[in-house]
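Trainee: After the structure tokens below, expect a handful of questions from me.
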Amino acid sequence: MQKVQGIGGFFFRAKDPERLTKWYQDHLGINPAPTNMEMAPWMTGPGVTVFSPFGADTDYFSADKSFMLNFRVVDLDAMISQLKSAGIEISHESEMDGIGRFARIHDPEGNAIELWEPVP
């Protein structure tokens, strides 16, 4: 059986795509999708990717959203400090034994973003 090799992209609707693209680049270091051969795409580091549908009644993230992004980070404390310095609110800080540490932010359009520092 053939299997996919990883996520090739994540595409979603936005009220202001240009502003949101800039926000993700400025605060999370995600390069915009290339529009020519000179632009560098966002390259992810090696590591775990979790693909997990949640029940429609989950309270893990907002009921009015159908997805939540989860990004791996190397140093959650440094990332939180960087985001706070930019005026971005941090919530839902937690730790799961054997899994890692988590914190949540929201992009300017209210999409939940979970930051995850996996256990080494």
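Ordered as shown in the structure tokens, chains take letters A, B, and onward, while each chain numbers its residues from 1 and ligands are numbered from 1 in the order shown.
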Based on DSSP run over this structure's backbone, return all residues of chain A in strand (DSSP E), as a ChimeraX atom specification.

Mentor: /A:69-72,91-96,100-106,112-118

Trainee: If we count only C-alpha atoms, what is near Ala33 of chain A at a cut-off of 10 Å, once residues fewer than 3 positions away on the same chain are taken out, given as JSON, numbers by chain?

Mentor: {"A": [9, 21, 30, 36, 39, 40, 41, 42]}

Trainee: Restricting the calculation to only C-alpha atoms: of A:Gly98, A:Val119, A:Ser66, A:Asp77, which residue gets closest to Phe12 of chain A?

Mentor: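 Counting only C-alpha atoms, the residue closest to Phe12 of chain A is A:Ser66.
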
Trainee: Could you give me, as a count of residues only, the residues within 9 Å of segment 22-29 of chain A, counting only C-alpha atoms and dropping anything in the same chain fewer than 5 positions from it?

Mentor: 8

Trainee: For Ser91 of chain A, which residue among A:Asp75, A:Asp59, A:Glu114, A:Glu18 is the nearest when counting only C-alpha atoms?

Mentor: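 Among the listed residues, A:Glu114 lies closest to Ser91 of chain A.
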
Trainee: Pull the closest atom pair for each residue of segment 9-88 of chain A that gets at most 9 Å from segment 100-104 of chain A, along with the distance in Å to one decimal, counting only C-alpha atoms, ordering rows by chain and then ascending residue number, as a Markdown table.

Mentor:
```
| residue | atom | partner | partner_atom | distance |
| --- | --- | --- | --- | --- |
| A:Asn70 | CA | A:Arg104 | CA | 8.9 |
| A:Leu76 | CA | A:Arg101 | CA | 7.5 |
| A:Ile80 | CA | A:Ala103 | CA | 8.0 |
```

Trainee: In Å, with one decimal, what is the gap from atom CA of His106 of chain A to atom CA of Glu89 of chain A?

Mentor: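 Between these atoms lies a distance of 7.8 Å.
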
Trainee: Please list as a ChimeraX atom specification every residue within 12 Å of Thr58 of chain A, counting only C-alpha atoms and excluding residues in the same chain fewer than 6 positions away.

Mentor: /A:64-68

Trainee: Tell me which protein, DNA and RNA residues are within 12 Å of segment 5-8 of chain A, counting only C-alpha atoms, leaving out same-chain ones fewer than 5 positions away, and put them as an mmCIF file with all heavy atoms, in the first residue's frame.

Mentor:
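That gives us around_6.cif:
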```
data_model
loop_
_atom_site.group_PDB
_atom_site.id
_atom_site.type_symbol
_atom_site.label_atom_id
_atom_site.label_comp_id
_atom_site.auth_asym_id
_atom_site.auth_seq_id
_atom_site.Cartn_x
_atom_site.Cartn_y
_atom_site.Cartn_z
ATOM 1 N N ALA A 33 3.623 31.059 0.887
ATOM 2 C CA ALA A 33 3.682 30.120 -0.236
ATOM 3 C C ALA A 33 4.399 30.798 -1.408
ATOM 4 O O ALA A 33 4.093 31.937 -1.751
ATOM 5 C CB ALA A 33 2.271 29.702 -0.654
ATOM 6 N N PRO A 41 10.235 28.202 0.093
ATOM 7 C CA PRO A 41 9.063 27.724 0.835
ATOM 8 C C PRO A 41 9.430 27.519 2.301
ATOM 9 O O PRO A 41 10.608 27.474 2.666
ATOM 10 C CB PRO A 41 8.740 26.383 0.168
ATOM 11 C CG PRO A 41 10.061 25.911 -0.355
ATOM 12 C CD PRO A 41 10.835 27.151 -0.730
ATOM 13 N N TRP A 42 8.427 27.392 3.139
ATOM 14 C CA TRP A 42 8.637 27.062 4.548
ATOM 15 C C TRP A 42 9.070 25.605 4.613
ATOM 16 O O TRP A 42 8.420 24.715 4.053
ATOM 17 C CB TRP A 42 7.332 27.280 5.319
ATOM 18 C CG TRP A 42 7.387 26.885 6.757
ATOM 19 C CD1 TRP A 42 8.358 27.192 7.670
ATOM 20 C CD2 TRP A 42 6.413 26.124 7.478
ATOM 21 N NE1 TRP A 42 8.049 26.676 8.912
ATOM 22 C CE2 TRP A 42 6.855 26.008 8.817
ATOM 23 C CE3 TRP A 42 5.211 25.535 7.131
ATOM 24 C CZ2 TRP A 42 6.144 25.332 9.795
ATOM 25 C CZ3 TRP A 42 4.501 24.857 8.100
ATOM 26 C CH2 TRP A 42 4.959 24.767 9.428
ATOM 27 N N MET A 43 10.181 25.339 5.278
ATOM 28 C CA MET A 43 10.688 23.979 5.429
ATOM 29 C C MET A 43 10.567 23.599 6.901
ATOM 30 O O MET A 43 11.087 24.300 7.768
ATOM 31 C CB MET A 43 12.153 23.897 4.987
ATOM 32 C CG MET A 43 12.380 24.308 3.532
ATOM 33 S SD MET A 43 11.634 23.178 2.340
ATOM 34 C CE MET A 43 12.694 21.774 2.492
ATOM 35 N N THR A 44 9.897 22.517 7.178
ATOM 36 C CA THR A 44 9.731 22.077 8.557
ATOM 37 C C THR A 44 10.905 21.200 8.974
ATOM 38 O O THR A 44 11.549 20.571 8.137
ATOM 39 C CB THR A 44 8.413 21.292 8.739
ATOM 40 O OG1 THR A 44 8.465 20.120 7.928
ATOM 41 C CG2 THR A 44 7.221 22.131 8.354
ATOM 42 N N GLY A 45 11.152 21.183 10.273
ATOM 43 C CA GLY A 45 12.187 20.311 10.810
ATOM 44 C C GLY A 45 11.647 18.908 10.993
ATOM 45 O O GLY A 45 10.428 18.701 11.029
ATOM 46 N N PRO A 46 12.548 17.940 11.097
ATOM 47 C CA PRO A 46 12.083 16.568 11.313
ATOM 48 C C PRO A 46 11.425 16.429 12.681
ATOM 49 O O PRO A 46 11.791 17.120 13.629
ATOM 50 C CB PRO A 46 13.356 15.732 11.231
ATOM 51 C CG PRO A 46 14.457 16.687 11.523
ATOM 52 C CD PRO A 46 13.988 18.044 11.076
ATOM 53 N N GLY A 47 10.456 15.586 12.757
ATOM 54 C CA GLY A 47 9.778 15.345 14.026
ATOM 55 C C GLY A 47 8.398 14.771 13.802
ATOM 56 O O GLY A 47 7.956 14.568 12.681
ATOM 57 N N VAL A 48 7.746 14.541 14.890
ATOM 58 C CA VAL A 48 6.420 13.936 14.900
ATOM 59 C C VAL A 48 5.380 14.878 14.299
ATOM 60 O O VAL A 48 5.414 16.081 14.545
ATOM 61 C CB VAL A 48 6.021 13.598 16.356
ATOM 62 C CG1 VAL A 48 4.585 13.128 16.447
ATOM 63 C CG2 VAL A 48 6.966 12.560 16.926
ATOM 64 N N THR A 49 4.470 14.339 13.517
ATOM 65 C CA THR A 49 3.279 15.056 13.076
ATOM 66 C C THR A 49 2.088 14.221 13.524
ATOM 67 O O THR A 49 2.000 13.037 13.209
ATOM 68 C CB THR A 49 3.240 15.220 11.543
ATOM 69 O OG1 THR A 49 4.378 15.980 11.143
ATOM 70 C CG2 THR A 49 1.971 15.923 11.102
ATOM 71 N N VAL A 50 1.200 14.827 14.276
ATOM 72 C CA VAL A 50 0.013 14.129 14.765
ATOM 73 C C VAL A 50 -1.162 14.515 13.886
ATOM 74 O O VAL A 50 -1.430 15.693 13.667
ATOM 75 C CB VAL A 50 -0.273 14.495 16.244
ATOM 76 C CG1 VAL A 50 -1.552 13.832 16.721
ATOM 77 C CG2 VAL A 50 0.903 14.102 17.124
ATOM 78 N N PHE A 51 -1.847 13.520 13.360
ATOM 79 C CA PHE A 51 -3.045 13.726 12.547
ATOM 80 C C PHE A 51 -4.196 13.106 13.323
ATOM 81 O O PHE A 51 -4.253 11.896 13.493
ATOM 82 C CB PHE A 51 -2.877 13.043 11.188
ATOM 83 C CG PHE A 51 -4.045 13.235 10.270
ATOM 84 C CD1 PHE A 51 -4.154 14.387 9.513
ATOM 85 C CD2 PHE A 51 -5.037 12.276 10.170
ATOM 86 C CE1 PHE A 51 -5.225 14.573 8.656
ATOM 87 C CE2 PHE A 51 -6.119 12.449 9.324
ATOM 88 C CZ PHE A 51 -6.213 13.599 8.563
#
```

Trainee: Could you pull out the helix (DSSP H, G or I) residues of segment 25-101 of chain A from DSSP and send them as a PDB file with C-alpha atoms, in the first residue's frame?

Mentor:
```
ATOM      1  CA  GLN A  25       5.697  35.008   8.917  1.00  0.00           C
ATOM      2  CA  ASP A  26       6.417  37.738  11.481  1.00  0.00           C
ATOM      3  CA  HIS A  27       5.453  35.810  14.610  1.00  0.00           C
ATOM      4  CA  LEU A  28       5.986  32.135  13.797  1.00  0.00           C
ATOM      5  CA  LEU A  76       8.518  26.936  24.389  1.00  0.00           C
ATOM      6  CA  ASP A  77       9.667  29.444  27.012  1.00  0.00           C
ATOM      7  CA  ALA A  78      11.602  31.474  24.414  1.00  0.00           C
ATOM      8  CA  MET A  79       8.660  31.325  21.984  1.00  0.00           C
ATOM      9  CA  ILE A  80       6.226  32.483  24.677  1.00  0.00           C
ATOM     10  CA  SER A  81       8.544  35.361  25.592  1.00  0.00           C
ATOM     11  CA  GLN A  82       8.838  36.386  21.931  1.00  0.00           C
ATOM     12  CA  LEU A  83       5.077  36.285  21.404  1.00  0.00           C
ATOM     13  CA  LYS A  84       4.315  38.176  24.626  1.00  0.00           C
ATOM     14  CA  SER A  85       6.785  40.881  23.549  1.00  0.00           C
TER      15      SER A  85
END
```

Trainee: So the first atom is atom CA of Ile88 of chain A and the second is atom CA of Gly55 of chain A; what is the distance between them in Å, to one decimal place?

Mentor: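 Atom CA of Gly55 of chain A lies 28.5 Å from atom CA of Ile88 of chain A.
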
Trainee: One number please: atom CA of Asn31 of chain A to atom CA of Ser52 of chain A, in Å, one decimal.

Mentor: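 According to the coordinates, atom CA of Asn31 of chain A and atom CA of Ser52 of chain A are separated by 24.8 Å.
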
Trainee: For Pro32 of chain A, which residue among A:Phe10, A:Val73, A:Asn111, A:Lys15 is the nearest when counting only C-alpha atoms?

Mentor: A:Phe10
